[in-house]
$ cat work.cif   # mmCIF, C-alpha atoms, pLDDT in the B column; chains and numbers go by the auth columns
data_coords
#
loop_
_atom_site.group_PDB
_atom_site.id
_atom_site.type_symbol
_atom_site.label_atom_id
_atom_site.label_comp_id
_atom_site.label_asym_id
_atom_site.label_seq_id
_atom_site.Cartn_x
_atom_site.Cartn_y
_atom_site.Cartn_z
_atom_site.B_iso_or_equiv
_atom_site.auth_seq_id
_atom_site.auth_asym_id
ATOM 1 C CA MET A 1 100.850 109.399 69.800 39.00 1 A
ATOM 2 C CA PRO A 2 102.891 111.957 71.791 50.00 2 A
ATOM 3 C CA ASP A 3 106.376 112.951 70.629 58.00 3 A
ATOM 4 C CA LEU A 4 108.847 110.975 72.736 59.00 4 A
ATOM 5 C CA LEU A 5 111.883 113.116 71.931 63.00 5 A
ATOM 6 C CA ASP A 6 112.745 116.079 74.118 75.00 6 A
ATOM 7 C CA GLU A 7 112.658 119.579 72.645 80.00 7 A
ATOM 8 C CA ALA A 8 116.431 119.882 72.048 76.00 8 A
ATOM 9 C CA THR A 9 116.586 116.507 70.303 72.00 9 A
ATOM 10 C CA GLY A 10 113.531 117.391 68.222 75.00 10 A
ATOM 11 C CA LYS A 11 115.130 120.647 67.091 80.00 11 A
ATOM 12 C CA ALA A 12 118.414 118.910 66.226 75.00 12 A
ATOM 13 C CA THR A 13 116.649 116.233 64.186 75.00 13 A
ATOM 14 C CA GLU A 14 114.572 118.798 62.288 80.00 14 A
ATOM 15 C CA ARG A 15 117.721 120.806 61.548 80.00 15 A
ATOM 16 C CA LEU A 16 119.407 117.643 60.283 78.00 16 A
ATOM 17 C CA LYS A 17 116.398 116.798 58.084 84.00 17 A
ATOM 18 C CA ALA A 18 116.387 120.283 56.557 85.00 18 A
ATOM 19 C CA GLN A 19 120.129 120.170 55.864 84.00 19 A
ATOM 20 C CA VAL A 20 119.936 116.710 54.272 85.00 20 A
ATOM 21 C CA GLN A 21 117.102 117.781 51.984 86.00 21 A
ATOM 22 C CA ARG A 22 118.835 121.036 51.032 85.00 22 A
ATOM 23 C CA LEU A 23 122.282 119.534 50.382 84.00 23 A
ATOM 24 C CA PHE A 24 121.523 116.124 48.940 82.00 24 A
ATOM 25 C CA GLY A 25 118.221 116.689 47.170 80.00 25 A
ATOM 26 C CA HIS A 26 116.004 114.303 49.049 77.00 26 A
ATOM 27 C CA SER A 27 118.102 111.838 51.002 81.00 27 A
ATOM 28 C CA LEU A 28 121.532 110.864 52.248 82.00 28 A
ATOM 29 C CA HIS A 29 122.650 107.278 51.772 82.00 29 A
ATOM 30 C CA ILE A 30 125.251 106.009 54.208 84.00 30 A
ATOM 31 C CA ARG A 31 127.524 103.079 53.459 81.00 31 A
ATOM 32 C CA HIS A 32 128.374 101.455 56.766 83.00 32 A
ATOM 33 C CA VAL A 33 131.594 99.444 56.722 82.00 33 A
ATOM 34 C CA ASP A 34 132.665 97.398 59.732 80.00 34 A
ATOM 35 C CA ALA A 35 136.393 97.000 59.222 78.00 35 A
ATOM 36 C CA GLY A 36 136.894 95.128 62.499 75.00 36 A
ATOM 37 C CA SER A 37 135.033 95.665 65.785 74.00 37 A
ATOM 38 C CA CYS A 38 133.194 93.916 68.622 80.00 38 A
ATOM 39 C CA ASN A 39 129.843 94.833 66.963 82.00 39 A
ATOM 40 C CA ALA A 40 128.574 96.941 69.881 85.00 40 A
ATOM 41 C CA CYS A 41 128.631 100.062 67.682 84.00 41 A
ATOM 42 C CA GLU A 42 126.742 98.205 64.957 85.00 42 A
ATOM 43 C CA SER A 43 123.988 97.435 67.469 88.00 43 A
ATOM 44 C CA GLU A 44 123.678 101.137 68.308 89.00 44 A
ATOM 45 C CA ILE A 45 123.715 102.085 64.620 88.00 45 A
ATOM 46 C CA LYS A 46 120.851 99.651 63.997 89.00 46 A
ATOM 47 C CA LEU A 47 118.896 101.382 66.767 90.00 47 A
ATOM 48 C CA LEU A 48 118.863 104.524 64.619 89.00 48 A
ATOM 49 C CA MET A 49 116.415 102.769 62.305 89.00 49 A
ATOM 50 C CA ASN A 50 113.952 101.622 64.965 89.00 50 A
ATOM 51 C CA PRO A 51 110.617 103.442 65.452 89.00 51 A
ATOM 52 C CA TYR A 52 111.947 105.557 68.349 86.00 52 A
ATOM 53 C CA TYR A 53 114.866 107.220 66.523 85.00 53 A
ATOM 54 C CA ASP A 54 113.674 106.538 62.938 87.00 54 A
ATOM 55 C CA ILE A 55 116.395 108.420 61.057 86.00 55 A
ATOM 56 C CA GLN A 56 114.766 107.407 57.792 89.00 56 A
ATOM 57 C CA ARG A 57 112.140 110.109 58.462 87.00 57 A
ATOM 58 C CA LEU A 58 115.064 112.548 58.284 85.00 58 A
ATOM 59 C CA GLY A 59 116.013 111.318 54.818 87.00 59 A
ATOM 60 C CA ILE A 60 118.974 109.247 56.024 87.00 60 A
ATOM 61 C CA PHE A 61 119.275 105.660 54.837 87.00 61 A
ATOM 62 C CA PHE A 62 121.876 102.938 55.239 84.00 62 A
ATOM 63 C CA THR A 63 122.754 101.300 51.930 77.00 63 A
ATOM 64 C CA THR A 64 124.458 97.980 51.308 65.00 64 A
ATOM 65 C CA SER A 65 127.054 99.331 48.916 53.00 65 A
ATOM 66 C CA PRO A 66 127.875 102.463 46.948 49.00 66 A
ATOM 67 C CA ARG A 67 129.166 100.294 44.109 43.00 67 A
ATOM 68 C CA HIS A 68 131.535 97.592 45.468 39.00 68 A
ATOM 69 C CA PRO A 69 132.063 95.836 48.480 38.00 69 A
ATOM 70 C CA VAL A 70 140.240 98.289 60.704 73.00 70 A
ATOM 71 C CA THR A 71 141.612 95.059 60.299 78.00 71 A
ATOM 72 C CA ARG A 72 144.510 94.684 57.907 82.00 72 A
ATOM 73 C CA ALA A 73 142.383 92.224 55.920 84.00 73 A
ATOM 74 C CA MET A 74 139.715 94.935 55.452 83.00 74 A
ATOM 75 C CA GLU A 75 142.129 97.748 54.560 85.00 75 A
ATOM 76 C CA ASP A 76 141.906 97.310 50.785 88.00 76 A
ATOM 77 C CA PRO A 77 138.105 96.757 50.693 85.00 77 A
ATOM 78 C CA LEU A 78 137.704 99.857 52.874 86.00 78 A
ATOM 79 C CA ARG A 79 139.774 101.939 50.450 89.00 79 A
ATOM 80 C CA GLN A 80 137.850 100.501 47.484 89.00 80 A
ATOM 81 C CA THR A 81 134.567 101.426 49.149 86.00 81 A
ATOM 82 C CA TYR A 82 135.848 104.949 49.779 88.00 82 A
ATOM 83 C CA GLU A 83 137.002 105.353 46.170 89.00 83 A
ATOM 84 C CA ALA A 84 133.606 104.147 44.908 87.00 84 A
ATOM 85 C CA MET A 85 131.750 106.825 46.892 84.00 85 A
ATOM 86 C CA PRO A 86 130.590 109.903 44.975 82.00 86 A
ATOM 87 C CA ASP A 87 131.619 113.348 46.165 80.00 87 A
ATOM 88 C CA PRO A 88 131.211 114.778 48.682 80.00 88 A
ATOM 89 C CA ARG A 89 132.824 111.881 50.507 84.00 89 A
ATOM 90 C CA LEU A 90 132.327 111.851 54.240 85.00 90 A
ATOM 91 C CA VAL A 91 133.944 109.457 56.684 89.00 91 A
ATOM 92 C CA VAL A 92 132.580 109.166 60.201 90.00 92 A
ATOM 93 C CA ALA A 93 134.529 106.994 62.644 89.00 93 A
ATOM 94 C CA VAL A 94 132.045 105.513 65.114 89.00 94 A
ATOM 95 C CA GLY A 95 133.162 104.060 68.429 89.00 95 A
ATOM 96 C CA ALA A 96 136.460 103.651 70.225 88.00 96 A
ATOM 97 C CA CYS A 97 137.673 100.952 67.811 86.00 97 A
ATOM 98 C CA ALA A 98 137.154 103.157 64.743 87.00 98 A
ATOM 99 C CA CYS A 99 138.542 106.265 66.452 89.00 99 A
ATOM 100 C CA SER A 100 141.729 104.828 67.905 87.00 100 A
ATOM 101 C CA GLY A 101 141.755 101.065 67.606 85.00 101 A
ATOM 102 C CA GLY A 102 140.060 100.724 70.984 84.00 102 A
ATOM 103 C CA ILE A 103 141.515 98.195 73.370 82.00 103 A
ATOM 104 C CA PHE A 104 143.216 96.462 70.460 78.00 104 A
ATOM 105 C CA GLY A 105 145.182 99.429 69.124 79.00 105 A
ATOM 106 C CA PRO A 106 147.646 99.084 66.269 82.00 106 A
ATOM 107 C CA SER A 107 149.131 95.612 66.005 81.00 107 A
ATOM 108 C CA ALA A 108 150.110 92.970 63.498 81.00 108 A
ATOM 109 C CA PHE A 109 146.397 92.452 62.839 81.00 109 A
ATOM 110 C CA SER A 110 144.985 95.953 63.203 80.00 110 A
ATOM 111 C CA ARG A 111 145.871 99.310 61.689 82.00 111 A
ATOM 112 C CA GLY A 112 144.404 101.079 64.711 83.00 112 A
ATOM 113 C CA GLY A 113 141.782 103.723 63.941 86.00 113 A
ATOM 114 C CA VAL A 114 140.151 104.435 60.593 87.00 114 A
ATOM 115 C CA ALA A 115 142.255 107.610 60.242 89.00 115 A
ATOM 116 C CA GLU A 116 145.261 105.381 59.618 89.00 116 A
ATOM 117 C CA VAL A 117 143.615 104.305 56.339 88.00 117 A
ATOM 118 C CA LEU A 118 141.162 107.056 55.317 90.00 118 A
ATOM 119 C CA PRO A 119 140.699 110.780 55.984 91.00 119 A
ATOM 120 C CA VAL A 120 138.084 111.051 58.756 91.00 120 A
ATOM 121 C CA ASP A 121 135.671 113.986 58.959 91.00 121 A
ATOM 122 C CA VAL A 122 134.012 113.289 62.307 92.00 122 A
ATOM 123 C CA PHE A 123 135.094 111.056 65.185 93.00 123 A
ATOM 124 C CA ILE A 124 132.333 109.774 67.496 92.00 124 A
ATOM 125 C CA SER A 125 133.925 108.158 70.515 90.00 125 A
ATOM 126 C CA GLY A 126 132.311 105.781 72.961 90.00 126 A
ATOM 127 C CA CYS A 127 132.097 102.058 73.396 88.00 127 A
ATOM 128 C CA PRO A 128 129.483 102.143 72.027 89.00 128 A
ATOM 129 C CA PRO A 129 128.222 105.685 71.471 90.00 129 A
ATOM 130 C CA SER A 130 124.523 106.220 72.149 91.00 130 A
ATOM 131 C CA PRO A 131 122.068 106.671 69.262 88.00 131 A
ATOM 132 C CA LEU A 132 121.624 110.359 70.168 86.00 132 A
ATOM 133 C CA THR A 133 125.398 110.831 70.018 90.00 133 A
ATOM 134 C CA LEU A 134 125.342 109.166 66.600 90.00 134 A
ATOM 135 C CA ILE A 135 122.623 111.567 65.421 86.00 135 A
ATOM 136 C CA HIS A 136 124.711 114.493 66.673 87.00 136 A
ATOM 137 C CA GLY A 137 127.726 113.121 64.783 90.00 137 A
ATOM 138 C CA LEU A 138 125.665 112.821 61.602 87.00 138 A
ATOM 139 C CA LEU A 139 124.610 116.445 62.043 85.00 139 A
ATOM 140 C CA LEU A 140 128.289 117.427 62.243 89.00 140 A
ATOM 141 C CA ALA A 141 129.089 115.333 59.150 88.00 141 A
ATOM 142 C CA VAL A 142 126.288 116.944 57.141 86.00 142 A
ATOM 143 C CA GLY A 143 127.624 120.340 58.227 86.00 143 A
ATOM 144 C CA ARG A 144 131.053 119.266 56.999 86.00 144 A
ATOM 145 C CA ALA A 145 129.534 118.338 53.627 84.00 145 A
ATOM 146 C CA GLU A 146 127.915 121.752 53.430 83.00 146 A
ATOM 147 C CA GLN A 147 131.293 123.398 54.073 82.00 147 A
ATOM 148 C CA ARG A 148 132.822 121.428 51.223 80.00 148 A
ATOM 149 C CA MET A 149 129.974 122.103 48.826 80.00 149 A
ATOM 150 C CA HIS A 150 129.476 125.809 49.556 77.00 150 A
ATOM 151 C CA GLY A 151 132.467 126.917 51.592 66.00 151 A
ATOM 152 C CA PRO A 152 135.972 127.991 50.647 53.00 152 A
ATOM 153 C CA THR A 153 137.596 126.130 47.782 43.00 153 A
ATOM 154 C CA THR A 154 140.742 125.298 49.732 48.00 154 A
ATOM 155 C CA HIS A 155 140.870 121.671 50.794 46.00 155 A
ATOM 156 C CA VAL A 156 142.876 121.114 53.940 46.00 156 A
ATOM 157 C CA ARG A 157 142.858 117.809 55.698 46.00 157 A
ATOM 158 C CA SER A 158 145.239 116.525 58.308 48.00 158 A
ATOM 159 C CA GLY A 159 145.438 113.258 60.165 49.00 159 A
ATOM 160 C CA ARG A 160 143.971 114.962 63.233 47.00 160 A
ATOM 161 C CA PRO A 161 140.281 114.846 64.119 47.00 161 A
ATOM 162 C CA LEU A 162 138.151 117.733 62.951 46.00 162 A
ATOM 163 C CA GLN A 163 135.470 116.978 65.526 50.00 163 A
ATOM 164 C CA MET A 164 135.674 114.626 68.501 51.00 164 A
ATOM 165 C CA LEU A 165 132.495 113.760 70.330 52.00 165 A
ATOM 166 C CA THR A 166 132.819 112.395 73.828 52.00 166 A
ATOM 167 C CA PRO A 167 130.190 111.719 76.449 51.00 167 A
ATOM 168 C CA GLY A 168 129.577 114.991 78.260 53.00 168 A
ATOM 169 C CA SER A 169 131.401 117.135 75.678 49.00 169 A
ATOM 170 C CA GLY A 170 130.137 120.671 75.610 46.00 170 A
ATOM 171 C CA GLU A 171 128.831 120.629 79.176 45.00 171 A
ATOM 172 C CA LYS A 172 131.231 123.371 80.271 47.00 172 A
ATOM 173 C CA GLU A 173 130.128 125.595 77.395 44.00 173 A
ATOM 174 C CA ARG A 174 126.457 125.195 78.426 43.00 174 A
ATOM 175 C CA GLN A 175 127.098 126.228 82.044 45.00 175 A
#
$ encode --input "work.cif" --output "structure tokens"
Amino acid sequence: MPDLLDEATGKATERLKAQVQRLFGHSLHIRHVDAGSCNACESEIKLLMNPYYDIQRLGIFFTTSPRHPVTRAMEDPLRQTYEAMPDPRLVVAVGACACSGGIFGPSAFSRGGVAEVLPVDVFISGCPPSPLTLIHGLLLAVGRAEQRMHGPTTHVRSGRPLQMLTPGSGEKERQ
């Protein structure tokens, strides 16, 4: 069967696989938490596990829970999930709702984006972001983990995004 991914995507996925194996031993387990969304991003996340994208071949798996099980009702469970995660903890905000609150924004029922509750390492915008954008965001997150594990010992984190992915980002740099 011919490889369906283009050369650039193939190189990025192989780089991600090598980094995951080097940093995490054999695999990276991701705890996906939907703290309030329209579920479009969840549909795209599920596509990552289909035979076309197959991120499991890269050593990346979605797990049901690290140990325990953003709307205001999900704020405490989200924090509990974060606290249950082993180091290095990585938070990736996926989609417009997770990045900024989307069309709902902060309100009596919503805190807005995930960064209002947890420190976010990578923001992946879009409504919903494509599976390839999600893979690129995971590559950035794994790079962030490598910085924490092997980089400088200073830990600086602000409420501002460290990386923001948007459709078409980086096009000017490539020209």
$ residues_around --input "work.cif" --residues "Cys99 of chain A" --least-positions-apart "3" --cutoff "7 Å" --atoms "all atoms listed in the file" --output "VMD selection string"
chain A and resid 93 to 96 113 to 114 123 125
$ write_last_selection --input "work.cif" --atoms "C-alpha atoms" --output "compact mmCIF listing (two decimals), keeping the file's coordinate frame"
# COMPACT_ATOMS: atom_id res chain seq x y z
CA ALA A 93 134.53 106.99 62.64
CA VAL A 94 132.04 105.51 65.11
CA GLY A 95 133.16 104.06 68.43
CA ALA A 96 136.46 103.65 70.22
CA GLY A 113 141.78 103.72 63.94
CA VAL A 114 140.15 104.44 60.59
CA PHE A 123 135.09 111.06 65.18
CA SER A 125 133.93 108.16 70.52
$ atom_distance --input "work.cif" --atom1 "atom CA of Ala35 of chain A" --atom2 "atom CA of Gln56 of chain A"
24.0 Å
$ closest_residue --input "work.cif" --among "A:Ile124, A:Tyr52, A:Arg31, A:Gly137" --to "Ala84 of chain A" --atoms "all atoms listed in the file"
A:Arg31
$ closest_atom_pairs --input "work.cif" --of "segment 56-138 of chain A" --to "segment 7-12 of chain A" --cutoff "12 Å" --atoms "all atoms listed in the file" --output "tab-separated table"
residue	atom	partner	partner_atom	distance
A:Leu58	CA	A:Ala12	CA	10.7
A:Pro131	CA	A:Thr9	CA	11.3
A:Leu132	CA	A:Thr9	CA	7.9
A:Thr133	CA	A:Thr9	CA	10.5
A:Leu134	CA	A:Ala12	CA	12.0
A:Ile135	CA	A:Ala12	CA	8.5
A:His136	CA	A:Ala12	CA	7.7
A:Gly137	CA	A:Ala12	CA	11.1
A:Leu138	CA	A:Ala12	CA	10.5
$ residues_around --input "work.cif" --residues "Pro106 of chain A" --least-positions-apart "2" --cutoff "12 Å" --atoms "all atoms listed in the file" --output "PyMOL selection string"
chain A and resi 70-72+97-104+108-117
$ residues_around --input "work.cif" --residues "Arg22 of chain A" --least-positions-apart "2" --cutoff "12 Å" --atoms "only C-alpha atoms" --output "mmCIF file with C-alpha atoms, keeping the file's coordinate frame"
data_model
loop_
_atom_site.group_PDB
_atom_site.id
_atom_site.type_symbol
_atom_site.label_atom_id
_atom_site.label_comp_id
_atom_site.auth_asym_id
_atom_site.auth_seq_id
_atom_site.Cartn_x
_atom_site.Cartn_y
_atom_site.Cartn_z
ATOM 1 C CA ARG A 15 117.721 120.806 61.548
ATOM 2 C CA LEU A 16 119.407 117.643 60.283
ATOM 3 C CA LYS A 17 116.398 116.798 58.084
ATOM 4 C CA ALA A 18 116.387 120.283 56.557
ATOM 5 C CA GLN A 19 120.129 120.170 55.864
ATOM 6 C CA VAL A 20 119.936 116.710 54.272
ATOM 7 C CA PHE A 24 121.523 116.124 48.940
ATOM 8 C CA GLY A 25 118.221 116.689 47.170
ATOM 9 C CA HIS A 26 116.004 114.303 49.049
ATOM 10 C CA SER A 27 118.102 111.838 51.002
ATOM 11 C CA LEU A 28 121.532 110.864 52.248
ATOM 12 C CA LEU A 58 115.064 112.548 58.284
ATOM 13 C CA GLY A 59 116.013 111.318 54.818
ATOM 14 C CA VAL A 142 126.288 116.944 57.141
ATOM 15 C CA GLY A 143 127.624 120.340 58.227
ATOM 16 C CA ALA A 145 129.534 118.338 53.627
ATOM 17 C CA GLU A 146 127.915 121.752 53.430
ATOM 18 C CA MET A 149 129.974 122.103 48.826
ATOM 19 C CA HIS A 150 129.476 125.809 49.556
#
$ atom_distance --input "work.cif" --atom1 "atom CA of Cys38 of chain A" --atom2 "atom CA of Ile55 of chain A"
23.4 Å
$ closest_residue --input "work.cif" --among "A:Arg57, A:Glu75, A:Thr13, A:Val92" --to "His32 of chain A" --atoms "all atoms listed in the file"
A:Val92
$ atom_distance --input "work.cif" --atom1 "atom CA of Tyr53 of chain A" --atom2 "atom CA of Ile30 of chain A"
16.2 Å
$ closest_residue --input "work.cif" --among "A:Ser107, A:Ser43, A:Pro119, A:Arg144" --to "Val91 of chain A" --atoms "all atoms listed in the file"
A:Pro119
$ closest_residue --input "work.cif" --among "A:Lys46, A:Leu139, A:Asp121, A:Thr63" --to "Arg89 of chain A" --atoms "all atoms listed in the file"
A:Asp121
$ build_atoms --input "work.cif" --residues "segment 26-51 of chain A" --atoms "N, CA and C atoms" --output "short mmCIF file (atom, residue, chain, number, x, y, z; two decimals), in the frame of the given file"
data_model
loop_
_atom_site.label_atom_id
_atom_site.label_comp_id
_atom_site.auth_asym_id
_atom_site.auth_seq_id
_atom_site.Cartn_x
_atom_site.Cartn_y
_atom_site.Cartn_z
N HIS A 26 117.07 114.88 48.23
CA HIS A 26 116.00 114.30 49.05
C HIS A 26 116.55 113.46 50.19
N SER A 27 117.65 112.75 49.96
CA SER A 27 118.10 111.84 51.00
C SER A 27 119.61 111.65 50.97
N LEU A 28 120.12 111.17 52.08
CA LEU A 28 121.53 110.86 52.25
C LEU A 28 121.65 109.36 52.46
N HIS A 29 122.45 108.72 51.64
CA HIS A 29 122.65 107.28 51.77
C HIS A 29 124.03 107.03 52.37
N ILE A 30 124.02 106.29 53.46
CA ILE A 30 125.25 106.01 54.21
C ILE A 30 125.68 104.57 53.95
N ARG A 31 126.94 104.42 53.61
CA ARG A 31 127.52 103.08 53.46
C ARG A 31 128.26 102.78 54.74
N HIS A 32 127.74 101.86 55.51
CA HIS A 32 128.37 101.46 56.77
C HIS A 32 129.34 100.32 56.48
N VAL A 33 130.59 100.49 56.89
CA VAL A 33 131.59 99.44 56.72
C VAL A 33 132.17 99.11 58.09
N ASP A 34 132.04 97.87 58.50
CA ASP A 34 132.66 97.40 59.73
C ASP A 34 133.99 96.77 59.32
N ALA A 35 135.07 97.48 59.62
CA ALA A 35 136.39 97.00 59.22
C ALA A 35 137.09 96.29 60.37
N GLY A 36 136.35 95.88 61.38
CA GLY A 36 136.89 95.13 62.50
C GLY A 36 136.47 95.74 63.82
N SER A 37 135.49 95.13 64.50
CA SER A 37 135.03 95.66 65.78
C SER A 37 134.39 94.54 66.59
N CYS A 38 133.89 94.89 67.77
CA CYS A 38 133.19 93.92 68.62
C CYS A 38 131.70 93.87 68.31
N ASN A 39 131.23 94.71 67.42
CA ASN A 39 129.84 94.83 66.96
C ASN A 39 128.92 95.59 67.91
N ALA A 40 129.42 96.14 69.00
CA ALA A 40 128.57 96.94 69.88
C ALA A 40 128.11 98.20 69.16
N CYS A 41 129.01 98.84 68.42
CA CYS A 41 128.63 100.06 67.68
C CYS A 41 127.60 99.75 66.61
N GLU A 42 127.71 98.59 65.98
CA GLU A 42 126.74 98.20 64.96
C GLU A 42 125.36 98.07 65.56
N SER A 43 125.28 97.54 66.79
CA SER A 43 123.99 97.44 67.47
C SER A 43 123.38 98.81 67.69
N GLU A 44 124.18 99.78 68.09
CA GLU A 44 123.68 101.14 68.31
C GLU A 44 123.29 101.79 66.98
N ILE A 45 124.05 101.54 65.94
CA ILE A 45 123.72 102.08 64.62
C ILE A 45 122.37 101.54 64.16
N LYS A 46 122.13 100.24 64.38
CA LYS A 46 120.85 99.65 64.00
C LYS A 46 119.69 100.28 64.76
N LEU A 47 119.95 100.73 66.00
CA LEU A 47 118.90 101.38 66.77
C LEU A 47 118.41 102.67 66.10
N LEU A 48 119.27 103.30 65.30
CA LEU A 48 118.86 104.52 64.62
C LEU A 48 117.69 104.30 63.67
N MET A 49 117.48 103.06 63.26
CA MET A 49 116.42 102.77 62.30
C MET A 49 115.16 102.24 62.97
N ASN A 50 115.16 102.12 64.31
CA ASN A 50 113.95 101.62 64.96
C ASN A 50 112.90 102.74 65.05
N PRO A 51 111.67 102.42 65.44
CA PRO A 51 110.62 103.44 65.45
C PRO A 51 110.88 104.62 66.39
#
